[in-house]
file entry_36.txt (compact mmCIF, C-alpha atoms)
# COMPACT_ATOMS: atom_id res chain seq x y z
CA MET A 8 -54.84 -19.32 33.93
CA LYS A 9 -56.75 -17.70 31.09
CA THR A 10 -58.42 -15.28 33.47
CA LEU A 11 -55.05 -14.38 35.07
CA ARG A 12 -53.49 -13.74 31.68
CA GLN A 13 -56.45 -11.59 30.59
CA GLU A 14 -56.31 -9.59 33.84
CA THR A 15 -52.59 -9.05 33.42
CA LYS A 16 -53.06 -7.80 29.87
CA VAL A 17 -55.86 -5.44 30.98
CA SER A 18 -53.78 -4.04 33.85
CA SER A 19 -50.80 -3.70 31.47
CA LYS A 20 -52.88 -1.61 29.08
CA LYS A 21 -54.02 0.62 31.89
CA MET A 22 -50.52 1.13 33.30
CA SER A 23 -48.65 1.23 30.01
CA ARG A 24 -47.15 4.42 28.74
CA LYS A 25 -44.59 5.11 26.08
CA LEU A 26 -41.11 5.45 27.61
CA ALA A 27 -39.03 8.46 26.58
CA ILE A 28 -35.78 7.79 24.73
CA SER A 29 -33.87 9.38 27.61
CA GLU A 30 -35.34 6.82 30.02
CA ILE A 31 -34.47 3.92 27.70
CA LEU A 32 -30.94 5.27 27.29
CA TYR A 33 -30.52 5.54 31.06
CA MET A 34 -31.78 1.98 31.62
CA SER A 35 -29.48 0.68 28.86
CA TYR A 36 -26.54 2.50 30.44
CA LYS A 37 -27.30 1.10 33.92
CA THR A 38 -27.67 -2.42 32.52
CA LEU A 39 -24.35 -2.29 30.65
CA THR A 40 -22.39 -0.76 33.54
CA SER A 41 -23.81 -3.26 36.03
CA ASN A 42 -21.74 -5.99 34.33
CA LYS A 43 -18.65 -4.20 33.03
CA LEU A 44 -16.61 -7.32 32.23
CA ARG A 45 -19.35 -8.80 30.05
CA SER A 46 -19.84 -5.49 28.25
CA LEU A 47 -16.09 -5.24 27.65
CA LEU A 48 -15.85 -8.78 26.29
CA THR A 49 -18.90 -8.15 24.09
CA MET A 50 -17.21 -5.08 22.59
CA LEU A 51 -13.91 -6.88 22.07
CA GLY A 52 -14.88 -8.38 18.69
CA ILE A 53 -15.91 -4.96 17.34
CA VAL A 54 -12.74 -3.35 18.76
CA ILE A 55 -10.53 -5.91 17.02
CA GLY A 56 -12.58 -5.75 13.80
CA ASN A 57 -12.50 -1.96 13.58
CA ALA A 58 -8.79 -1.77 14.43
CA SER A 59 -8.12 -4.44 11.77
CA VAL A 60 -10.04 -2.60 9.06
CA ILE A 61 -8.32 0.72 9.72
CA THR A 62 -4.84 -0.82 10.06
CA LEU A 63 -5.08 -3.06 7.01
CA VAL A 64 -6.62 -0.41 4.76
CA GLY A 65 -4.02 2.08 6.01
CA VAL A 66 -1.22 -0.34 5.16
CA GLY A 67 -2.71 -0.93 1.70
CA LYS A 68 -2.98 2.80 1.01
CA GLY A 69 0.54 3.29 2.33
CA ALA A 70 1.84 0.67 -0.10
CA GLN A 71 0.03 2.45 -2.92
CA LYS A 72 1.55 5.82 -1.97
CA LEU A 73 5.03 4.31 -1.57
CA ALA A 74 4.85 2.81 -5.06
CA SER A 75 3.57 6.11 -6.52
CA ASP A 76 6.33 8.08 -4.81
CA GLN A 77 8.97 5.69 -6.10
CA LEU A 78 7.59 5.95 -9.63
CA SER A 79 7.69 9.73 -9.45
CA THR A 80 11.47 9.53 -8.89
CA LEU A 81 11.96 7.91 -12.29
CA GLY A 82 11.87 11.32 -13.94
CA ALA A 83 9.31 13.57 -15.62
CA ASN A 84 7.96 12.70 -19.08
CA VAL A 85 10.19 9.62 -19.23
CA LEU A 86 9.70 6.51 -21.36
CA PHE A 87 11.60 3.27 -20.84
CA VAL A 88 12.55 1.03 -23.74
CA VAL A 89 13.36 -2.47 -22.48
CA PRO A 90 14.35 -5.68 -24.32
CA GLY A 91 11.85 -8.53 -24.49
CA ASN A 92 8.05 -8.43 -24.72
CA ASN A 93 5.24 -9.19 -22.25
CA ASP A 94 5.41 -12.92 -23.03
CA THR A 95 9.14 -12.94 -22.22
CA ARG A 96 8.46 -11.36 -18.83
CA ARG A 97 5.52 -13.66 -18.10
CA ARG A 98 7.64 -16.77 -18.71
CA GLY A 99 10.56 -15.35 -16.73
CA VAL A 100 13.17 -16.23 -19.36
CA ALA A 101 16.38 -14.24 -19.85
CA PHE A 102 15.87 -11.03 -21.77
CA PRO A 103 17.23 -10.97 -25.33
CA LYS A 104 20.27 -8.79 -26.08
CA ASN A 105 18.83 -7.22 -29.19
CA LEU A 106 18.37 -3.71 -27.73
CA VAL A 107 21.67 -2.08 -28.68
CA LEU A 108 23.45 1.26 -28.46
CA LYS A 109 22.73 1.99 -32.14
CA ASP A 110 18.99 1.84 -31.31
CA ALA A 111 19.49 4.62 -28.74
CA GLU A 112 21.45 6.67 -31.28
CA ALA A 113 18.68 6.15 -33.86
CA ILE A 114 16.03 7.33 -31.37
CA THR A 115 18.11 10.45 -30.67
CA SER A 116 18.46 11.37 -34.33
CA GLN A 117 15.17 10.18 -35.84
CA VAL A 118 12.40 10.73 -33.26
CA PRO A 119 11.37 14.43 -33.28
CA SER A 120 9.26 14.30 -30.09
CA VAL A 121 12.23 13.18 -27.97
CA LYS A 122 14.31 15.67 -25.97
CA ARG A 123 17.07 13.44 -24.54
CA VAL A 124 18.07 9.78 -24.62
CA ALA A 125 20.01 7.94 -21.89
CA PRO A 126 21.12 4.38 -22.73
CA GLN A 127 22.13 2.21 -19.80
CA ILE A 128 23.94 -1.07 -19.16
CA THR A 129 23.52 -2.57 -15.69
CA SER A 130 25.49 -5.34 -14.02
CA ASN A 131 26.04 -6.58 -10.46
CA GLU A 132 29.69 -6.56 -9.40
CA VAL A 133 31.76 -6.56 -6.22
CA ILE A 134 33.18 -3.14 -5.36
CA GLN A 135 36.26 -2.99 -3.09
CA TYR A 136 38.06 -0.30 -1.17
CA ALA A 137 40.78 -1.30 1.30
CA SER A 138 39.20 -3.96 3.55
CA GLN A 139 35.62 -2.98 2.66
CA SER A 140 33.64 -4.65 -0.11
CA LYS A 141 30.07 -4.59 -1.33
CA SER A 142 28.17 -6.35 -4.13
CA SER A 143 26.30 -3.56 -5.90
CA SER A 144 24.61 -2.57 -9.10
CA ILE A 145 27.01 -0.94 -11.59
CA SER A 146 25.47 1.16 -14.35
CA GLY A 147 27.21 2.23 -17.52
CA ILE A 148 25.63 5.55 -18.48
CA THR A 149 26.03 8.75 -20.49
CA PRO A 150 25.94 12.42 -19.35
CA ASN A 151 22.23 12.54 -20.28
CA PHE A 152 21.41 10.13 -17.45
CA LEU A 153 21.44 12.92 -14.86
CA PRO A 154 18.74 15.19 -16.39
CA VAL A 155 16.63 12.39 -17.89
CA ARG A 156 16.32 10.44 -14.61
CA SER A 157 16.20 13.56 -12.39
CA PHE A 158 19.30 12.62 -10.38
CA ASP A 159 21.50 15.16 -8.63
CA ILE A 160 25.17 15.31 -7.65
CA ALA A 161 25.87 16.01 -3.97
CA LYS A 162 29.68 16.27 -4.21
CA GLY A 163 32.24 16.29 -6.99
CA ARG A 164 31.17 16.11 -10.62
CA PHE A 165 29.26 13.86 -13.00
CA ILE A 166 30.43 11.99 -16.09
CA ASN A 167 31.12 14.26 -19.08
CA ASN A 168 31.71 13.71 -22.80
CA ASN A 169 35.50 13.53 -22.34
CA ASP A 170 35.06 10.63 -19.89
CA LEU A 171 32.77 8.96 -22.41
CA LYS A 172 35.05 9.42 -25.44
CA GLY A 173 38.18 8.35 -23.59
CA ALA A 174 36.48 5.45 -21.79
CA LYS A 175 38.01 6.78 -18.58
CA SER A 176 38.07 4.72 -15.40
CA VAL A 177 36.01 7.10 -13.28
CA VAL A 178 33.06 6.30 -11.01
CA ILE A 179 30.27 8.10 -9.17
CA LEU A 180 29.00 6.45 -5.98
CA GLY A 181 25.54 6.44 -4.45
CA PRO A 182 25.48 7.98 -0.93
CA ASP A 183 24.77 4.68 0.87
CA LEU A 184 27.53 2.88 -1.06
CA LYS A 185 29.96 5.68 -0.15
CA LYS A 186 29.14 5.21 3.56
CA ILE A 187 29.69 1.45 3.30
CA LEU A 188 33.07 1.78 1.62
CA PHE A 189 34.44 4.95 3.18
CA LYS A 190 32.40 5.47 6.37
CA ASN A 191 32.70 9.20 7.14
CA ASN A 192 36.01 9.63 5.30
CA GLN A 193 36.60 11.60 2.11
CA ALA A 194 35.84 9.55 -1.03
CA ILE A 195 36.48 12.03 -3.89
CA GLY A 196 39.80 11.27 -5.56
CA LYS A 197 40.19 7.83 -3.97
CA VAL A 198 40.63 4.69 -6.07
CA ILE A 199 38.30 1.69 -5.75
CA ARG A 200 38.28 -1.64 -7.58
CA ILE A 201 35.41 -3.02 -9.66
CA LYS A 202 35.89 -6.47 -11.15
CA ASN A 203 39.63 -6.17 -10.45
CA GLN A 204 39.78 -2.86 -12.38
CA SER A 205 40.82 0.43 -10.76
CA PHE A 206 38.37 3.36 -10.84
CA GLN A 207 38.79 6.86 -9.43
CA VAL A 208 35.86 8.32 -7.49
CA ILE A 209 34.89 11.68 -9.01
CA GLY A 210 31.47 12.27 -7.47
CA ILE A 211 28.81 11.32 -4.93
CA MET A 212 25.14 11.18 -5.90
CA ALA A 213 22.45 12.95 -3.88
CA PRO A 214 20.05 10.56 -2.08
CA LYS A 215 17.43 9.09 -4.42
CA GLY A 216 15.91 6.16 -2.54
CA ALA A 217 14.65 2.79 -3.71
CA VAL A 218 12.65 2.07 -6.85
CA PHE A 219 10.89 -1.32 -6.98
CA GLY A 220 13.19 -2.79 -4.37
CA ASN A 221 16.39 -1.54 -6.03
CA ASN A 222 18.22 0.94 -3.80
CA GLU A 223 19.64 3.53 -6.16
CA ASP A 224 21.72 4.95 -3.30
CA GLU A 225 23.81 1.75 -3.20
CA SER A 226 24.61 1.86 -6.92
CA ALA A 227 27.74 3.00 -8.77
CA TYR A 228 27.86 4.77 -12.15
CA ILE A 229 30.62 4.69 -14.79
CA PRO A 230 30.82 5.83 -18.45
CA ILE A 231 29.00 3.43 -20.76
CA SER A 232 32.11 3.15 -22.96
CA THR A 233 34.15 2.08 -19.91
CA MET A 234 31.42 -0.38 -18.96
CA VAL A 235 31.73 -2.06 -22.35
CA SER A 236 35.55 -2.09 -22.48
CA LYS A 237 36.24 -3.18 -18.89
CA ILE A 238 33.15 -4.82 -17.38
CA THR A 239 30.61 -6.38 -19.76
CA GLY A 240 32.24 -6.45 -23.19
CA LYS A 241 30.42 -6.61 -26.54
CA ASP A 242 27.98 -9.28 -27.56
CA PRO A 243 29.35 -11.15 -30.61
CA THR A 244 25.93 -11.14 -32.31
CA TYR A 245 24.36 -7.82 -31.39
CA GLY A 246 27.27 -5.62 -30.38
CA ILE A 247 26.79 -3.25 -27.42
CA SER A 248 23.66 -4.63 -25.75
CA LEU A 249 21.73 -2.34 -23.41
CA SER A 250 19.75 -3.14 -20.28
CA TYR A 251 17.28 -0.41 -21.20
CA ILE A 252 16.99 3.06 -22.70
CA SER A 253 15.53 6.01 -20.78
CA VAL A 254 13.90 8.51 -23.13
CA GLU A 255 12.72 11.98 -22.12
CA ALA A 256 9.90 13.40 -24.24
CA LYS A 257 9.82 17.13 -25.01
CA ASP A 258 6.77 17.63 -22.78
CA GLU A 259 3.87 15.70 -21.29
CA LYS A 260 1.78 16.10 -24.46
CA SER A 261 4.55 14.52 -26.52
CA ILE A 262 4.73 11.27 -24.51
CA ARG A 263 2.12 9.41 -26.58
CA ALA A 264 3.65 10.56 -29.87
CA ALA A 265 7.16 9.63 -28.67
CA LYS A 266 6.00 6.17 -27.66
CA PHE A 267 4.37 5.62 -31.06
CA GLN A 268 7.38 6.90 -33.00
CA ILE A 269 9.91 4.88 -30.98
CA THR A 270 7.85 1.71 -31.43
CA ASN A 271 7.64 2.17 -35.19
CA LEU A 272 11.35 3.00 -35.49
CA LEU A 273 12.49 -0.07 -33.52
CA ARG A 274 10.12 -2.33 -35.43
CA GLN A 275 11.77 -1.17 -38.66
CA ARG A 276 15.30 -1.51 -37.25
CA HIS A 277 14.63 -5.00 -35.79
CA LYS A 278 12.69 -6.08 -38.92
CA ILE A 279 9.71 -7.17 -36.84
CA ILE A 280 6.69 -8.65 -38.65
CA ARG A 281 4.62 -10.05 -35.78
CA ASN A 282 5.61 -9.93 -32.10
CA ASP A 283 7.79 -7.10 -30.80
CA ASP A 284 11.08 -8.07 -29.18
CA PHE A 285 11.04 -4.93 -27.02
CA ALA A 286 8.58 -2.92 -24.95
CA VAL A 287 8.08 0.82 -24.48
CA ARG A 288 6.71 1.76 -21.07
CA SER A 289 5.81 5.16 -19.68
CA GLN A 290 5.72 6.26 -16.08
CA LYS A 291 1.93 6.46 -16.41
CA ASP A 292 1.73 2.84 -17.59
CA ALA A 293 3.76 1.69 -14.60
CA LEU A 294 1.65 3.79 -12.24
CA GLN A 295 -1.56 2.27 -13.59
CA ILE A 296 -0.21 -1.26 -13.13
CA VAL A 297 1.00 -0.51 -9.61
CA SER A 298 -2.25 1.28 -8.69
CA SER A 299 -4.24 -1.71 -9.93
CA ILE A 300 -2.16 -4.14 -7.86
CA THR A 301 -2.06 -2.04 -4.69
CA GLY A 302 -5.74 -1.14 -5.08
CA GLY A 303 -6.62 -4.83 -5.19
CA LEU A 304 -4.37 -5.42 -2.18
CA THR A 305 -6.11 -2.64 -0.23
CA LEU A 306 -9.53 -4.06 -1.13
CA MET A 307 -8.48 -7.55 -0.03
CA LEU A 308 -7.06 -6.27 3.27
CA GLY A 309 -10.23 -4.25 3.87
CA ALA A 310 -12.35 -7.36 3.22
CA ILE A 311 -10.30 -9.33 5.76
CA GLY A 312 -10.90 -6.58 8.31
CA ALA A 313 -14.62 -6.51 7.45
CA ILE A 314 -14.84 -10.23 8.23
CA SER A 315 -13.45 -9.43 11.69
CA LEU A 316 -16.21 -6.84 12.12
CA ILE A 317 -18.88 -9.36 11.15
CA VAL A 318 -17.45 -11.86 13.63
CA GLY A 319 -17.63 -9.11 16.25
CA GLY A 320 -21.30 -8.51 15.34
CA ILE A 321 -22.03 -12.21 15.76
CA GLY A 322 -20.35 -12.04 19.17
CA ILE A 323 -22.66 -9.19 20.19
CA MET A 324 -25.70 -11.19 19.05
CA ASN A 325 -24.64 -14.27 21.03
CA ILE A 326 -23.99 -12.35 24.25
CA MET A 327 -27.25 -10.42 23.90
CA LEU A 328 -29.17 -13.69 23.39
CA VAL A 329 -27.61 -15.02 26.60
CA SER A 330 -28.54 -11.74 28.27
CA VAL A 331 -32.17 -12.16 27.17
CA ASN A 332 -32.30 -15.59 28.83
CA GLU A 333 -30.73 -14.27 32.02
CA ARG A 334 -33.05 -11.26 32.17
CA THR A 335 -36.26 -13.19 31.53
CA GLN A 336 -37.63 -12.33 34.98
CA GLU A 337 -36.82 -8.64 34.57
CA ILE A 338 -38.49 -8.53 31.15
CA GLY A 339 -41.56 -10.38 32.43
CA LEU A 340 -41.88 -8.06 35.43
CA ARG A 341 -41.52 -4.93 33.32
CA LYS A 342 -44.09 -6.14 30.81
CA ALA A 343 -46.46 -7.09 33.64
CA LEU A 344 -46.09 -3.54 35.00
CA GLY A 345 -46.99 -2.06 31.62
CA ALA A 346 -43.81 -1.89 29.53
CA ARG A 347 -44.58 -2.10 25.83
CA GLN A 348 -42.98 -4.49 23.36
CA SER A 349 -41.48 -1.47 21.57
CA ASP A 350 -39.84 -0.28 24.81
CA ILE A 351 -38.16 -3.65 25.38
CA LEU A 352 -37.16 -3.80 21.71
CA LYS A 353 -35.67 -0.30 21.81
CA GLN A 354 -33.72 -0.97 25.01
CA PHE A 355 -32.02 -4.09 23.65
CA LEU A 356 -31.31 -2.40 20.32
CA ILE A 357 -29.82 0.63 22.08
CA GLU A 358 -27.66 -1.64 24.25
CA SER A 359 -26.33 -3.33 21.09
CA LEU A 360 -25.81 0.06 19.45
CA ILE A 361 -23.92 1.47 22.45
CA LEU A 362 -21.65 -1.58 22.59
CA SER A 363 -20.88 -1.50 18.87
CA ILE A 364 -20.32 2.28 18.60
CA LEU A 365 -18.16 2.37 21.72
CA GLY A 366 -16.25 -0.68 20.48
CA GLY A 367 -15.88 0.98 17.07
CA PHE A 368 -14.51 4.15 18.66
CA ILE A 369 -11.98 2.25 20.80
CA GLY A 370 -11.00 0.12 17.77
CA THR A 371 -10.51 3.31 15.74
CA VAL A 372 -8.13 4.70 18.37
CA PHE A 373 -6.11 1.46 18.31
CA GLY A 374 -6.18 1.36 14.49
CA VAL A 375 -4.99 4.96 14.07
CA GLY A 376 -2.33 4.35 16.73
CA SER A 377 -1.05 1.25 14.94
CA ILE A 378 -0.90 3.14 11.63
CA SER A 379 1.16 5.87 13.29
CA LEU A 380 3.55 3.25 14.72
CA ILE A 381 3.92 1.58 11.31
CA SER A 382 4.70 4.95 9.68
CA ILE A 383 7.35 5.70 12.32
CA ALA A 384 8.95 2.24 12.51
CA THR A 385 8.94 1.37 8.77
CA PRO A 386 9.46 3.17 5.43
CA LEU A 387 5.81 2.44 4.60
CA PRO A 388 3.78 5.70 4.70
CA ALA A 389 0.67 4.02 6.16
CA ARG A 390 -2.21 6.46 6.29
CA ILE A 391 -5.99 6.60 6.63
CA GLY A 392 -8.46 9.31 5.65
CA THR A 393 -10.80 10.97 8.16
CA ASN A 394 -13.79 9.98 6.05
CA LEU A 395 -12.82 6.31 6.27
CA VAL A 396 -12.41 6.55 10.04
CA PHE A 397 -15.94 7.92 10.41
CA LEU A 398 -17.23 5.33 7.95
CA THR A 399 -15.78 2.41 9.92
CA VAL A 400 -17.39 3.71 13.14
CA ILE A 401 -20.74 4.06 11.35
CA ILE A 402 -20.39 0.56 9.86
CA SER A 403 -19.54 -0.94 13.26
CA GLY A 404 -22.63 0.77 14.72
CA SER A 405 -24.75 -0.59 11.87
CA ILE A 406 -23.38 -4.09 12.42
CA GLY A 407 -24.23 -3.90 16.13
CA LEU A 408 -27.71 -2.65 15.31
CA THR A 409 -28.25 -5.38 12.69
CA PHE A 410 -27.03 -8.24 14.88
CA GLY A 411 -28.93 -6.82 17.84
CA VAL A 412 -32.32 -7.17 16.13
CA LEU A 413 -32.76 -10.89 16.84
CA PRO A 414 -32.06 -10.68 20.61
CA ALA A 415 -34.15 -7.50 20.89
CA ARG A 416 -37.07 -9.07 19.06
CA ARG A 417 -36.85 -12.22 21.18
CA ALA A 418 -36.86 -10.13 24.37
CA SER A 419 -39.82 -8.00 23.24
CA MET A 420 -41.87 -11.08 22.26
CA LEU A 421 -41.55 -12.78 25.67
CA ASP A 422 -44.91 -13.61 27.27
CA PRO A 423 -44.97 -11.93 30.71
CA ILE A 424 -46.85 -14.83 32.32
CA ILE A 425 -44.29 -17.41 31.11
CA ALA A 426 -41.46 -15.07 32.05
CA LEU A 427 -42.82 -14.59 35.60
CA ARG A 428 -43.14 -18.33 36.25
CA SER A 429 -39.42 -18.46 37.05
CA LEU A 430 -39.83 -15.97 39.94
call {"tool": "encode", "arguments": {"input": "entry_36.txt", "output": "structure tokens"}}
result
Amino acid sequence: MKTLRQETKVSSKKMSRKLAISEILYMSYKTLTSNKLRSLLTMLGIVIGNASVITLVGVGKGAQKLASDQLSTLGANVLFVVPGNNDTRRRGVAFPKNLVLKDAEAITSQVPSVKRVAPQITSNEVIQYASQSKSSSISGITPNFLPVRSFDIAKGRFINNNDLKGAKSVVILGPDLKKILFKNNQAIGKVIRIKNQSFQVIGIMAPKGAVFGNNEDESAYIPISTMVSKITGKDPTYGISLSYISVEAKDEKSIRAAKFQITNLLRQRHKIIRNDDFAVRSQKDALQIVSSITGGLTLMLGAIGAISLIVGGIGIMNIMLVSVNERTQEIGLRKALGARQSDILKQFLIESLILSILGGFIGTVFGVGSISLISIATPLPARIGTNLVFLTVIISGSIGLTFGVLPARRASMLDPIIALRSL
């Protein structure tokens, strides 16, 4: 046996030559195409993993863009003064009613970096017209609401100072609310009922969309004085309590100064010594919070997809190990005829690489297709960058190469004599 093994090794050295990459590629191709079903099943894990990564990351980025777009509709250079502090929000208790109309008037007159102030009272009420009814958000506002919050009027007119001073029973409807109540019929001049009070429709808002789940297009707007006299009333302790105050700074550079000045003014007015009973938030603050949340969501979704890729890599390794056992005779014969260990190693690695890259490409097609479907079928603007697409294909190829090392090494280390015994 020793002599036979020595003779085989000698003959192998004489016959051995280094195979060209083109030859190894051709042999790898022929091997994979000879068993198409196995190759397809081997790729399946990578296909699913790559499609998952692209789809989930695309959904996460879409959620981030949706939140950013919604925040941009709040208005330029806008600050929001809301009742209650961070602890109040964390515990989920009812907000205090200590933010009042006089606070908004004080901000208007005493804060120099502020351009306009728009106090607002919000309540949910049933709105009725003929046989149609809808529970919607009703906002008591002032004429400043339109420029501060960057809203537009599509038809009719907006609330003016005369409506405010006379506490007139007039209302402006969001476009979606108008469709619910009036269908395609004329709404301007018609009378609707809110909390059993009659209101004349004087205008229709231009479409605005949803902000944090609240569809502004289904809302109704009335003068704040009318809101107090006919809908909410005055609080016996605080007076006219506000839901929040929208404040427009003079320009972007004035936002920080306005926030500081408003905070100091309200602390003096509310006689605060320790914890604030209000909060001043800017659009930038909200964007940072949302970006942090959606960024974490995107990272988590990407990690879930990456796990799928790793599982796909393990699948490639398992199938290739089975393939090594099945091709023992072939490997032994090739080594006996002079094939080097490096040639066998390269062939198995290239087979793994082809499977993973091809699977990554197919998975990318499915992933991009699913993102397109999500964007069409839902309001979520799911999207994926070209760089990330290429990166996922490269990562899938790297995973196939990494998990293909063990089967390739096992195949290259086979002893030709032992391998040929099974012939």
call {"tool": "atom_distance", "arguments": {"input": "entry_36.txt", "atom1": "atom CA of Gly339 of chain A", "atom2": "atom CA of Thr409 of chain A"}}
result
24.3 Å
call {"tool": "axis_aligned_box", "arguments": {"input": "entry_36.txt", "around": "segment 231-242 of chain A", "padding_each_side": "8 Å", "output": "AutoDock Vina command-line options"}}
result
--center_x 32.1 --center_y -2.9 --center_z -22.5 --size_x 24.3 --size_y 28.7 --size_z 26.2
call {"tool": "residues_around", "arguments": {"input": "entry_36.txt", "residues": "Gln117 of chain A", "least_positions_apart": "4", "cutoff": "12 Å", "atoms": "only C-alpha atoms", "output": "NGL selection string"}}
result
:A and (109-113 or 121-124 or 265 or 268-269 or 271-273 or 276)
call {"tool": "residues_around", "arguments": {"input": "entry_36.txt", "residues": "segment 252-260 of chain A", "least_positions_apart": "3", "cutoff": "6 Å", "atoms": "all atoms listed in the file", "output": "ChimeraX atom specification"}}
result
/A:84-88,120-127,155
call {"tool": "closest_atom_pairs", "arguments": {"input": "entry_36.txt", "of": "segment 288-378 of chain A", "to": "segment 69-75 of chain A", "cutoff": "10 Å", "atoms": "only C-alpha atoms", "output": "tab-separated table"}}
result
residue	atom	partner	partner_atom	distance
A:Gln290	CA	A:Ser75	CA	9.8
A:Ala293	CA	A:Ser75	CA	9.2
A:Leu294	CA	A:Ser75	CA	6.5
A:Gln295	CA	A:Ser75	CA	9.5
A:Val297	CA	A:Ala74	CA	6.8
A:Ser298	CA	A:Gln71	CA	6.3
A:Ser299	CA	A:Gln71	CA	9.2
A:Ile300	CA	A:Gln71	CA	8.5
A:Thr301	CA	A:Gln71	CA	5.3
A:Gly302	CA	A:Gln71	CA	7.1
A:Leu304	CA	A:Ala70	CA	8.9
A:Thr305	CA	A:Gln71	CA	8.4
A:Ile378	CA	A:Gly69	CA	9.4
call {"tool": "atom_distance", "arguments": {"input": "entry_36.txt", "atom1": "atom CA of Asp170 of chain A", "atom2": "atom CA of Ile148 of chain A"}}
result
10.8 Å
call {"tool": "closest_residue", "arguments": {"input": "entry_36.txt", "among": "A:Leu360, A:Ile402, A:Ile195, A:Met324", "to": "Arg417 of chain A", "atoms": "only C-alpha atoms"}}
result
A:Met324
call {"tool": "residues_around", "arguments": {"input": "entry_36.txt", "residues": "Met212 of chain A", "least_positions_apart": "4", "cutoff": "8 Å", "atoms": "all atoms listed in the file", "output": "list in words"}}
result
Phe158, Asp159, Ile160, Ala161, Lys162, Ile179, Leu180, Gly181, Pro182 and Asp224 of chain A
call {"tool": "atom_distance", "arguments": {"input": "entry_36.txt", "atom1": "atom CA of Leu106 of chain A", "atom2": "atom CA of Leu249 of chain A"}}
result
5.6 Å
call {"tool": "residues_around", "arguments": {"input": "entry_36.txt", "residues": "Leu39 of chain A", "least_positions_apart": "3", "cutoff": "12 Å", "atoms": "all atoms listed in the file", "output": "mmCIF file with C-alpha atoms, in the frame of the given file"}}
result
data_model
loop_
_atom_site.group_PDB
_atom_site.id
_atom_site.type_symbol
_atom_site.label_atom_id
_atom_site.label_comp_id
_atom_site.auth_asym_id
_atom_site.auth_seq_id
_atom_site.Cartn_x
_atom_site.Cartn_y
_atom_site.Cartn_z
ATOM 1 C CA LEU A 32 -30.940 5.270 27.290
ATOM 2 C CA TYR A 33 -30.520 5.540 31.060
ATOM 3 C CA MET A 34 -31.780 1.980 31.620
ATOM 4 C CA SER A 35 -29.480 0.680 28.860
ATOM 5 C CA TYR A 36 -26.540 2.500 30.440
ATOM 6 C CA ASN A 42 -21.740 -5.990 34.330
ATOM 7 C CA LYS A 43 -18.650 -4.200 33.030
ATOM 8 C CA LEU A 44 -16.610 -7.320 32.230
ATOM 9 C CA ARG A 45 -19.350 -8.800 30.050
ATOM 10 C CA SER A 46 -19.840 -5.490 28.250
ATOM 11 C CA LEU A 47 -16.090 -5.240 27.650
ATOM 12 C CA LEU A 48 -15.850 -8.780 26.290
ATOM 13 C CA THR A 49 -18.900 -8.150 24.090
ATOM 14 C CA MET A 50 -17.210 -5.080 22.590
ATOM 15 C CA ILE A 326 -23.990 -12.350 24.250
ATOM 16 C CA MET A 327 -27.250 -10.420 23.900
ATOM 17 C CA SER A 330 -28.540 -11.740 28.270
ATOM 18 C CA GLN A 354 -33.720 -0.970 25.010
ATOM 19 C CA PHE A 355 -32.020 -4.090 23.650
ATOM 20 C CA ILE A 357 -29.820 0.630 22.080
ATOM 21 C CA GLU A 358 -27.660 -1.640 24.250
ATOM 22 C CA SER A 359 -26.330 -3.330 21.090
ATOM 23 C CA LEU A 360 -25.810 0.060 19.450
ATOM 24 C CA ILE A 361 -23.920 1.470 22.450
ATOM 25 C CA LEU A 362 -21.650 -1.580 22.590
ATOM 26 C CA LEU A 365 -18.160 2.370 21.720
#
call {"tool": "closest_residue", "arguments": {"input": "entry_36.txt", "among": "A:Val198, A:Ala313, A:Ile247, A:Ile381", "to": "Ala58 of chain A", "atoms": "all atoms listed in the file"}}
result
A:Ala313
call {"tool": "closest_residue", "arguments": {"input": "entry_36.txt", "among": "A:Tyr228, A:Ser130, A:Ile314, A:Met307", "to": "Phe152 of chain A", "atoms": "only C-alpha atoms"}}
result
A:Tyr228
call {"tool": "closest_residue", "arguments": {"input": "entry_36.txt", "among": "A:Asn203, A:Asn169, A:Thr385, A:Asn191", "to": "Val133 of chain A", "atoms": "all atoms listed in the file"}}
result
A:Asn203
call {"tool": "closest_residue", "arguments": {"input": "entry_36.txt", "among": "A:Val331, A:Val89, A:Ile166, A:Ile53", "to": "Ile406 of chain A", "atoms": "all atoms listed in the file"}}
result
A:Ile53
call {"tool": "residues_near_point", "arguments": {"input": "entry_36.txt", "point": "(17.6, 7.7, -5.3)", "cutoff": "10 Å", "atoms": "all atoms listed in the file", "output": "PyMOL selection string"}}
result
chain A and resi 77+80-81+156-159+181-183+212-218+221-226
call {"tool": "residues_around", "arguments": {"input": "entry_36.txt", "residues": "Tyr136 of chain A", "least_positions_apart": "5", "cutoff": "7 Å", "atoms": "only C-alpha atoms", "output": "PyMOL selection string"}}
result
chain A and resi 188+199-200
call {"tool": "closest_residue", "arguments": {"input": "entry_36.txt", "among": "A:Leu308, A:Leu356, A:Leu380, A:Ile317", "to": "Ser59 of chain A", "atoms": "all atoms listed in the file"}}
result
A:Leu308
